[in-house]
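Okay, so here's the structure we're looking at.
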Amino acid sequence: MGEPNVWSTAHLPDGDGRSAGVNVNGYELSCEIPLDAEPEPAGATPLGLLAGSLSACTAMSVRTFLHLWRIDPGKVTVHVAFLPGSPPMMDRRVTVEAQVDPDLREQLAGVVDRTPVTVLLRDALTIRTVLTTGAR
């Protein structure tokens with residue numbers, strides 16, 4: 001079996017440091033392990049990276065779907081946030097600049113609900129999604 005094409009390694013130095021070095025497919029970044037008393041972490045956090053995975057996957061899936069229908073999506077924005085509470089819930093807001101007719105918009109909503117990262121996460125937590133199209 002060959003080498004995996006998707007991989008990640010994290011290194012947490014010995015001691016009391018709260019920043020892990022993360023390497024994702026050769027791209028280096030720092031991941032801050034937040035303190036509960038601090039409302040705003042100094043950098044990317046483990047949950048922030050998870051939110052980033054969902055937002056990137058969603059944006060690419062939306063664009064790919066609309067291109068298959070020969071629709072220029074224009075600007076696609078996907079904002080994902082973790083809402084406070086237990087169990088955790090993710091709030092995903094998908095905005096597509098292009099006008100999309102109602103039948104195709106329904107299909108697009110289905111694509112958003114079946115992105116690879118959505119499928120991986122949906123059994124572990126709730127993902128609330130709002131899809132807005134025609135924002136021009």
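In the structure tokens, chains take letters A, B, ... by order of appearance, with residues numbered from 1 within each chain and ligands from 1 in the order shown.
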
Inset, instruction - Could you give me the residues within chain A that DSSP places in strand (DSSP E), as a PyMOL selection string? - result: chain A and resi 8-11+19-24+27-32+76-83+89-96+126-133

Per residue of segment 47-112 of chain A within 10 Å of segment 10-33 of chain A, record the nearest atom pair and its distance in Å to one decimal, counting only C-alpha atoms, with rows in chain order and ascending residue number, as a Markdown table.
| residue | atom | partner | partner_atom | distance |
| --- | --- | --- | --- | --- |
| A:Leu47 | CA | A:Ile33 | CA | 9.6 |
| A:Gly48 | CA | A:Cys31 | CA | 9.0 |
| A:Leu49 | CA | A:Cys31 | CA | 8.3 |

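Note that atom CA of Val80 of chain A and atom CA of Ala51 of chain A are 5.6 Å apart.
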
Inset, instruction - Enumerate the residues of chain A with a DSSP assignment of helix (DSSP H, G or I), computed from the backbone, and present them as a ChimeraX atom specification. - result: /A:46-68,102-113,116-121

Selection from above, C-alpha atoms, as a compact mmCIF listing (two decimals), in the first residue's frame, can you write it?
# COMPACT_ATOMS: atom_id res chain seq x y z
CA PRO A 46 -8.21 22.16 17.61
CA LEU A 47 -11.91 23.02 17.25
CA GLY A 48 -11.01 25.94 14.97
CA LEU A 49 -9.13 23.55 12.69
CA LEU A 50 -12.19 21.29 12.65
CA ALA A 51 -14.39 24.27 11.74
CA GLY A 52 -11.87 25.19 9.04
CA SER A 53 -12.06 21.69 7.59
CA LEU A 54 -15.86 21.86 7.39
CA SER A 55 -15.90 25.35 5.87
CA ALA A 56 -13.24 24.56 3.23
CA CYS A 57 -14.85 21.25 2.28
CA THR A 58 -18.27 22.90 1.99
CA ALA A 59 -17.02 25.79 -0.15
CA MET A 60 -15.22 23.46 -2.57
CA SER A 61 -18.24 21.13 -2.80
CA VAL A 62 -20.58 24.06 -3.55
CA ARG A 63 -18.32 25.39 -6.30
CA THR A 64 -17.83 21.95 -7.85
CA PHE A 65 -21.58 21.26 -7.90
CA LEU A 66 -22.45 24.61 -9.49
CA HIS A 67 -19.69 24.26 -12.09
CA LEU A 68 -21.19 20.88 -13.09
CA PRO A 102 -35.34 26.72 -6.49
CA ASP A 103 -35.01 23.14 -7.79
CA LEU A 104 -31.24 23.40 -8.17
CA ARG A 105 -31.00 25.18 -4.79
CA GLU A 106 -32.67 22.17 -3.17
CA GLN A 107 -30.09 19.89 -4.81
CA LEU A 108 -27.32 22.23 -3.66
CA ALA A 109 -28.60 22.03 -0.08
CA GLY A 110 -28.38 18.24 -0.36
CA VAL A 111 -24.78 18.51 -1.58
CA VAL A 112 -23.93 20.75 1.39
CA ASP A 113 -25.43 18.18 3.78
CA PRO A 116 -17.19 14.45 3.10
CA VAL A 117 -16.41 16.38 6.30
CA THR A 118 -20.13 16.78 7.08
CA VAL A 119 -20.62 13.02 6.77
CA LEU A 120 -17.70 12.39 9.13
CA LEU A 121 -18.96 14.85 11.76

Legend entry - Residue with smallest distance to Thr132 of chain A - pool A:Asp101, A:Glu3, A:Glu40, A:Asp72, counting only C-alpha atoms: A:Asp101

Legend entry - Shell of 8 Å around segment 98-100 of chain A, only C-alpha atoms, local chain residues under 3 positions omitted, as JSON, numbers by chain: {"A": [71, 72, 73, 74, 75, 104, 105, 133, 134, 135, 136]}

Quick one: write out the picked residues with C-alpha atoms as a CSV table (one decimal), in the first residue's frame?
chain,number,residue,atom,x,y,z
A,71,ILE,CA,-23.2,28.1,-13.2
A,72,ASP,CA,-20.6,30.6,-12.2
A,73,PRO,CA,-21.0,30.6,-8.4
A,74,GLY,CA,-19.4,34.0,-7.9
A,75,LYS,CA,-18.1,34.4,-4.4
A,104,LEU,CA,-31.2,23.4,-8.2
A,105,ARG,CA,-31.0,25.2,-4.8
A,133,THR,CA,-28.1,32.2,-2.7
A,134,GLY,CA,-28.4,35.2,-5.0
A,135,ALA,CA,-26.6,37.6,-2.7
A,136,ARG,CA,-25.5,39.8,-5.7

Inset, instruction - Record the distance separating atom CA of Thr129 of chain A and atom CA of Met90 of chain A, expressed in Å with one decimal. - result: 8.4 Å
